[in-house]
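J.: File model-v1.cif follows (mmCIF, C-alpha atoms):
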```
data_coords
#
loop_
_atom_site.group_PDB
_atom_site.id
_atom_site.type_symbol
_atom_site.label_atom_id
_atom_site.label_comp_id
_atom_site.auth_asym_id
_atom_site.auth_seq_id
_atom_site.Cartn_x
_atom_site.Cartn_y
_atom_site.Cartn_z
ATOM 1 C CA MET A 1 101.530 87.542 41.061
ATOM 2 C CA LYS A 2 102.600 86.586 44.583
ATOM 3 C CA ILE A 3 105.593 87.866 46.559
ATOM 4 C CA THR A 4 106.843 85.623 49.341
ATOM 5 C CA ILE A 5 107.035 87.270 52.764
ATOM 6 C CA THR A 6 110.518 86.885 54.263
ATOM 7 C CA GLY A 7 110.606 85.568 57.809
ATOM 8 C CA GLY A 8 106.866 85.189 57.891
ATOM 9 C CA SER A 9 104.154 82.958 56.625
ATOM 10 C CA GLY A 10 102.502 83.069 53.265
ATOM 11 C CA SER A 11 102.790 85.670 50.549
ATOM 12 C CA VAL A 12 101.249 88.918 49.408
ATOM 13 C CA GLU A 13 99.168 89.082 46.246
ATOM 14 C CA VAL A 14 100.035 92.037 43.979
ATOM 15 C CA ALA A 15 98.934 93.156 40.540
ATOM 16 C CA ASP A 16 101.026 92.088 37.555
ATOM 17 C CA SER A 17 100.473 95.510 35.993
ATOM 18 C CA THR A 18 102.431 97.123 38.853
ATOM 19 C CA PHE A 19 105.050 94.538 39.816
ATOM 20 C CA ALA A 20 105.549 92.635 36.554
ATOM 21 C CA ALA A 21 105.862 95.522 34.123
ATOM 22 C CA THR A 22 108.292 95.604 31.209
ATOM 23 C CA PHE A 23 111.679 97.178 31.895
ATOM 24 C CA ASN A 24 111.876 100.551 30.110
ATOM 25 C CA GLU A 25 115.404 101.890 30.539
ATOM 26 C CA ALA A 26 114.876 105.047 28.457
ATOM 27 C CA LEU A 27 111.817 106.075 30.471
ATOM 28 C CA ILE A 28 113.563 105.420 33.787
ATOM 29 C CA HIS A 29 116.544 107.499 32.666
ATOM 30 C CA GLN A 30 114.272 110.375 31.675
ATOM 31 C CA VAL A 31 112.346 110.332 34.947
ATOM 32 C CA VAL A 32 115.488 110.052 37.121
ATOM 33 C CA THR A 33 117.158 112.889 35.199
ATOM 34 C CA ALA A 34 114.076 115.078 35.603
ATOM 35 C CA TYR A 35 113.828 114.283 39.319
ATOM 36 C CA ARG A 36 117.464 115.242 39.931
ATOM 37 C CA ALA A 37 117.171 118.359 37.767
ATOM 38 C CA ALA A 38 114.171 119.530 39.790
ATOM 39 C CA GLY A 39 116.345 119.428 42.906
ATOM 40 C CA ARG A 40 118.851 121.937 41.524
ATOM 41 C CA SER A 41 118.652 125.385 43.109
ATOM 42 C CA GLY A 42 119.403 127.246 39.871
ATOM 43 C CA SER A 43 120.427 130.287 41.929
ATOM 44 C CA LYS A 44 123.813 131.032 40.333
ATOM 45 C CA ARG A 45 124.166 134.695 39.351
ATOM 46 C CA GLN A 46 127.084 136.668 37.919
ATOM 47 C CA LYS A 47 127.511 140.332 37.051
ATOM 48 C CA ASN A 48 127.573 141.533 33.481
ATOM 49 C CA ARG A 49 128.924 144.885 32.281
ATOM 50 C CA SER A 50 125.962 146.881 33.491
ATOM 51 C CA ASP A 51 125.922 145.177 36.920
ATOM 52 C CA ALA A 52 129.601 145.784 37.721
ATOM 53 C CA ARG A 53 130.114 148.864 39.869
ATOM 54 C CA GLY A 54 131.870 151.857 38.239
ATOM 55 C CA GLY A 55 133.042 152.241 34.678
ATOM 56 C CA GLY A 56 130.835 155.220 33.905
ATOM 57 C CA ALA A 57 133.576 157.471 32.540
ATOM 58 C CA LYS A 58 135.491 156.746 29.371
ATOM 59 C CA PRO A 59 139.000 155.657 30.558
ATOM 60 C CA TRP A 60 140.875 157.801 28.004
ATOM 61 C CA ALA A 61 140.317 159.738 24.817
ATOM 62 C CA GLN A 62 139.173 157.891 21.744
ATOM 63 C CA LYS A 63 142.146 159.062 19.676
ATOM 64 C CA GLY A 64 145.678 160.282 20.184
ATOM 65 C CA THR A 65 146.860 158.133 23.091
ATOM 66 C CA GLY A 66 148.290 155.266 21.043
ATOM 67 C CA ARG A 67 146.255 152.796 23.061
ATOM 68 C CA ALA A 68 143.294 150.690 22.022
ATOM 69 C CA ARG A 69 139.853 152.248 22.095
ATOM 70 C CA ALA A 70 138.053 151.786 25.416
ATOM 71 C CA GLY A 71 134.613 152.979 26.380
ATOM 72 C CA THR A 72 134.418 151.543 29.899
ATOM 73 C CA SER A 73 136.745 149.985 32.457
ATOM 74 C CA ARG A 74 134.093 147.351 33.176
ATOM 75 C CA SER A 75 134.478 145.659 29.797
ATOM 76 C CA PRO A 76 134.615 141.837 30.020
ATOM 77 C CA ILE A 77 138.229 141.863 28.784
ATOM 78 C CA TRP A 78 139.347 144.142 31.639
ATOM 79 C CA VAL A 79 140.308 143.015 35.127
ATOM 80 C CA GLY A 80 137.369 143.913 37.348
ATOM 81 C CA GLY A 81 134.983 143.951 34.410
ATOM 82 C CA GLY A 82 131.682 142.144 34.097
ATOM 83 C CA ARG A 83 131.156 138.712 32.577
ATOM 84 C CA ALA A 84 130.431 138.567 28.848
ATOM 85 C CA PHE A 85 127.696 135.936 29.224
ATOM 86 C CA ALA A 86 126.793 136.205 32.893
ATOM 87 C CA ALA A 87 124.892 133.356 34.539
ATOM 88 C CA ARG A 88 121.360 134.156 35.651
ATOM 89 C CA PRO A 89 119.004 132.302 38.044
ATOM 90 C CA ARG A 90 117.090 129.667 36.115
ATOM 91 C CA ASP A 91 114.669 126.811 36.574
ATOM 92 C CA TYR A 92 116.154 123.420 35.637
ATOM 93 C CA SER A 93 112.973 121.419 36.176
ATOM 94 C CA GLN A 94 111.645 119.276 33.350
ATOM 95 C CA LYS A 95 108.059 118.348 32.684
ATOM 96 C CA VAL A 96 107.236 114.701 33.365
ATOM 97 C CA ASN A 97 103.670 113.525 32.914
ATOM 98 C CA ARG A 98 102.082 111.640 35.783
ATOM 99 C CA LYS A 99 101.555 108.582 33.584
ATOM 100 C CA MET A 100 105.249 108.579 32.644
ATOM 101 C CA TYR A 101 106.348 108.887 36.265
ATOM 102 C CA ARG A 102 104.095 106.051 37.411
ATOM 103 C CA ALA A 103 105.163 103.851 34.512
ATOM 104 C CA ALA A 104 108.825 104.420 35.385
ATOM 105 C CA MET A 105 108.211 103.536 39.027
ATOM 106 C CA ARG A 106 106.346 100.356 38.012
ATOM 107 C CA SER A 107 109.213 99.429 35.709
ATOM 108 C CA MET A 108 111.805 99.942 38.473
ATOM 109 C CA LEU A 109 109.854 97.948 41.057
ATOM 110 C CA SER A 110 109.269 95.124 38.581
ATOM 111 C CA GLU A 111 112.968 94.959 37.764
ATOM 112 C CA LEU A 112 113.787 94.874 41.485
ATOM 113 C CA ILE A 113 111.598 91.796 41.855
ATOM 114 C CA ARG A 114 113.163 90.131 38.814
ATOM 115 C CA GLN A 115 116.649 90.684 40.284
ATOM 116 C CA ASP A 116 115.628 89.625 43.821
ATOM 117 C CA GLY A 117 116.219 93.176 45.016
ATOM 118 C CA LEU A 118 112.854 93.586 46.782
ATOM 119 C CA MET A 119 112.324 91.854 50.111
ATOM 120 C CA VAL A 120 108.906 91.954 51.791
ATOM 121 C CA VAL A 121 108.309 91.467 55.527
ATOM 122 C CA ASP A 122 105.186 91.641 57.657
ATOM 123 C CA SER A 123 106.481 94.656 59.609
ATOM 124 C CA ILE A 124 109.657 96.515 60.534
ATOM 125 C CA GLU A 125 109.461 97.875 64.044
ATOM 126 C CA VAL A 126 111.898 98.835 66.797
ATOM 127 C CA ALA A 127 110.688 99.227 70.367
ATOM 128 C CA ALA A 128 112.867 102.286 70.988
ATOM 129 C CA PRO A 129 115.074 104.585 68.887
ATOM 130 C CA LYS A 130 118.111 102.326 69.225
ATOM 131 C CA THR A 131 120.453 101.833 66.279
ATOM 132 C CA ARG A 132 121.697 98.475 67.553
ATOM 133 C CA GLU A 133 118.171 97.037 67.450
ATOM 134 C CA LEU A 134 117.823 97.925 63.778
ATOM 135 C CA VAL A 135 121.343 96.675 63.032
ATOM 136 C CA ALA A 136 120.469 93.342 64.637
ATOM 137 C CA ARG A 137 117.332 93.065 62.478
ATOM 138 C CA LEU A 138 119.205 93.927 59.282
ATOM 139 C CA THR A 139 122.027 91.530 60.154
ATOM 140 C CA GLU A 140 119.466 88.798 60.659
ATOM 141 C CA LEU A 141 118.152 89.497 57.151
ATOM 142 C CA LYS A 142 121.736 89.799 55.761
ATOM 143 C CA LEU A 143 121.203 93.363 54.554
ATOM 144 C CA ASP A 144 123.614 96.292 54.699
ATOM 145 C CA ASN A 145 123.015 98.694 51.783
ATOM 146 C CA VAL A 146 119.235 98.885 51.957
ATOM 147 C CA LEU A 147 116.266 101.197 51.510
ATOM 148 C CA ILE A 148 113.489 100.542 54.025
ATOM 149 C CA LEU A 149 109.958 101.305 52.819
ATOM 150 C CA VAL A 150 107.111 101.655 55.312
ATOM 151 C CA ASP A 151 103.505 102.649 54.788
ATOM 152 C CA LYS A 152 103.605 105.548 57.266
ATOM 153 C CA TYR A 153 106.193 107.545 59.206
ATOM 154 C CA ASP A 154 107.760 105.683 62.138
ATOM 155 C CA GLU A 155 109.835 107.976 64.350
ATOM 156 C CA ASN A 156 111.642 105.191 66.206
ATOM 157 C CA LEU A 157 112.624 103.515 62.958
ATOM 158 C CA CYS A 158 113.845 106.764 61.358
ATOM 159 C CA LEU A 159 115.900 107.707 64.426
ATOM 160 C CA SER A 160 117.392 104.224 64.569
ATOM 161 C CA ALA A 161 118.479 104.360 60.916
ATOM 162 C CA ARG A 162 119.777 107.915 60.582
ATOM 163 C CA ASN A 163 123.309 107.105 61.812
ATOM 164 C CA LEU A 164 123.688 104.025 59.625
ATOM 165 C CA PRO A 165 125.597 104.557 56.365
ATOM 166 C CA GLY A 166 123.892 102.839 53.477
ATOM 167 C CA VAL A 167 120.503 102.682 55.197
ATOM 168 C CA ASP A 168 117.542 104.994 54.629
ATOM 169 C CA VAL A 169 113.889 104.913 55.665
ATOM 170 C CA LEU A 170 111.101 106.310 53.478
ATOM 171 C CA ASP A 171 107.338 106.179 53.732
ATOM 172 C CA LEU A 172 104.892 106.100 50.837
ATOM 173 C CA ARG A 173 104.805 109.897 50.556
ATOM 174 C CA GLU A 174 108.581 110.117 50.114
ATOM 175 C CA ILE A 175 109.357 107.252 47.766
ATOM 176 C CA ASN A 176 111.179 108.429 44.637
ATOM 177 C CA PRO A 177 113.058 106.913 41.670
ATOM 178 C CA VAL A 178 116.503 108.139 42.758
ATOM 179 C CA SER A 179 116.253 106.413 46.147
ATOM 180 C CA LEU A 180 115.219 103.157 44.467
ATOM 181 C CA LEU A 181 118.392 103.292 42.373
ATOM 182 C CA ARG A 182 120.773 104.280 45.169
ATOM 183 C CA PHE A 183 120.498 101.108 47.218
ATOM 184 C CA ASP A 184 121.353 97.485 46.472
ATOM 185 C CA ARG A 185 118.209 96.100 48.132
ATOM 186 C CA VAL A 186 114.779 97.370 49.123
ATOM 187 C CA LEU A 187 113.114 96.113 52.306
ATOM 188 C CA ALA A 188 109.394 96.858 52.312
ATOM 189 C CA THR A 189 106.567 96.068 54.671
ATOM 190 C CA LYS A 190 103.508 94.235 53.415
ATOM 191 C CA ALA A 191 101.407 97.374 53.973
ATOM 192 C CA ALA A 192 103.900 99.482 51.999
ATOM 193 C CA VAL A 193 103.740 97.095 49.034
ATOM 194 C CA LYS A 194 99.939 97.252 48.978
ATOM 195 C CA GLY A 195 100.135 101.036 49.292
ATOM 196 C CA LEU A 196 102.514 101.214 46.320
ATOM 197 C CA GLU A 197 100.124 99.091 44.308
ATOM 198 C CA GLU A 198 97.312 101.542 45.004
ATOM 199 C CA GLN A 199 99.472 104.589 44.193
ATOM 200 C CA LEU A 200 100.823 103.253 40.907
ATOM 201 C CA SER A 201 97.767 101.449 39.562
#
```
Could the structure of this file be written out as structure tokens, please?

T.:
Amino acid sequence: MKITITGGSGSVEVADSTFAATFNEALIHQVVTAYRAAGRSGSKRQKNRSDARGGGAKPWAQKGTGRARAGTSRSPIWVGGGRAFAARPRDYSQKVNRKMYRAAMRSMLSELIRQDGLMVVDSIEVAAPKTRELVARLTELKLDNVLILVDKYDENLCLSARNLPGVDVLDLREINPVSLLRFDRVLATKAAVKGLEEQLS
């Protein structure tokens, strides 16, 4: 299939297997959930009975006091006691096969094209790290909430975009399913599109 280049001449030829794939909502949901889960720190930790300081001596005699039996003052039902089911550090990551991940990315990119959410240009460059230059370019293209995809890291472009709400810049190494979902439109360079085709084929 061919994708028309905005503001330029001609089009870019891409593989149907990558940019005309069937929309698979269940797979996309699974991959996005796994990606977000992998970003969780999983470092929460609470103290159980044995972790709580003190409580070594029996508070009072087993019998004869008229009070309930108590073996330690660090029981979960006591103030200052440990948690009954204390949280422990854990790994939230889920296993996603490479074929599943690539299929989900192909499905998302194909749906972007079907909904006119992917715009391709020859290049996206700013002469200096100036936000107003990038704003002028995006205004010209009538874009505000947009993800910019480039084939390799461009410092001037990243510095120009970092203060703009609703604008992010990613290169081919950083592209991920969550970022594709976050933005209304995706603005990609011709080189980035060809790079994606190679990565996901």

J.: Do you know which residues lie at most 10 Å from (100.7, 89.2, 46.9), with coordinates as in the file and all atoms listed in the file counted, and could you write them as number ranges by chain?

T.: A: 1-5, 10-16, 19, 120, 190, 193-194

J.: Applied to the shown file, which residues does the PyMOL selection byres ((chain A and resi 105) around 10) return, written as a VMD selection string?

T.: chain A and resid 18 to 19 21 27 to 28 31 to 32 99 to 104 106 to 111 175 to 177 180 196 200

J.: What residues come out when you apply the PyMOL selection byres ((chain A and resi 134) around 12) to this file, written as a ChimeraX atom specification?

T.: /A:124-133,135-141,143-144,146,148,156-164,167-169

J.: What gap, in Å, lies between atom CA of Asn145 of chain A and atom CA of Gly166 of chain A?

T.: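 Separation of atom CA of Asn145 of chain A and atom CA of Gly166 of chain A: 4.6 Å.
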
J.: Can you list, as a PDB file with C-alpha atoms, keeping the file's coordinate frame, the residues that the PyMOL selection byres ((chain A and resi 73) around 8) selects here?

T.:
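Resulting contents of selection06.pdb:
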```pdb
ATOM      1  CA  GLY A  54     131.870 151.857  38.239  1.00  0.00           C
ATOM      2  CA  GLY A  55     133.042 152.241  34.678  1.00  0.00           C
ATOM      3  CA  LYS A  58     135.491 156.746  29.371  1.00  0.00           C
ATOM      4  CA  PRO A  59     139.000 155.657  30.558  1.00  0.00           C
ATOM      5  CA  ALA A  70     138.053 151.786  25.416  1.00  0.00           C
ATOM      6  CA  GLY A  71     134.613 152.979  26.380  1.00  0.00           C
ATOM      7  CA  THR A  72     134.418 151.543  29.899  1.00  0.00           C
ATOM      8  CA  ARG A  74     134.093 147.351  33.176  1.00  0.00           C
ATOM      9  CA  SER A  75     134.478 145.659  29.797  1.00  0.00           C
ATOM     10  CA  TRP A  78     139.347 144.142  31.639  1.00  0.00           C
ATOM     11  CA  GLY A  80     137.369 143.913  37.348  1.00  0.00           C
ATOM     12  CA  GLY A  81     134.983 143.951  34.410  1.00  0.00           C
TER      13      GLY A  81
END
```

J.: What's the separation between atom CA of Asp184 of chain A and atom CA of Tyr35 of chain A, in Å to one decimal place?

T.: 19.7 Å

J.: To one decimal in Å, tell me the separation between atom CA of Ala34 of chain A and atom CA of Glu198 of chain A.

T.: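 Taking atom CA of Ala34 of chain A as the start and atom CA of Glu198 of chain A as the end point, the length is 23.5 Å.
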
J.: For segment 65-93 of chain A against segment 36-45 of chain A, with a cut-off of 8 Å and counting only C-alpha atoms, what is the closest atom pair and its distance in Å to one decimal for every residue that makes the cut, ordered by chain and number, as a tab-separated table?

T.:
```
residue	atom	partner	partner_atom	distance
A:Ala86	CA	A:Arg45	CA	7.1
A:Ala87	CA	A:Arg45	CA	5.0
A:Arg88	CA	A:Arg45	CA	4.7
A:Pro89	CA	A:Ser43	CA	4.6
A:Arg90	CA	A:Gly42	CA	5.0
A:Asp91	CA	A:Gly42	CA	5.8
A:Tyr92	CA	A:Ala37	CA	5.6
A:Ser93	CA	A:Ala38	CA	4.3
```

J.: Given the choices A:Arg173, A:Asn97, A:Leu147, A:Arg49, which gets closest to Val79 of chain A if the distance is worked out from all atoms listed in the file?

T.: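 Result for the nearest residue to Val79 of chain A: A:Arg49.
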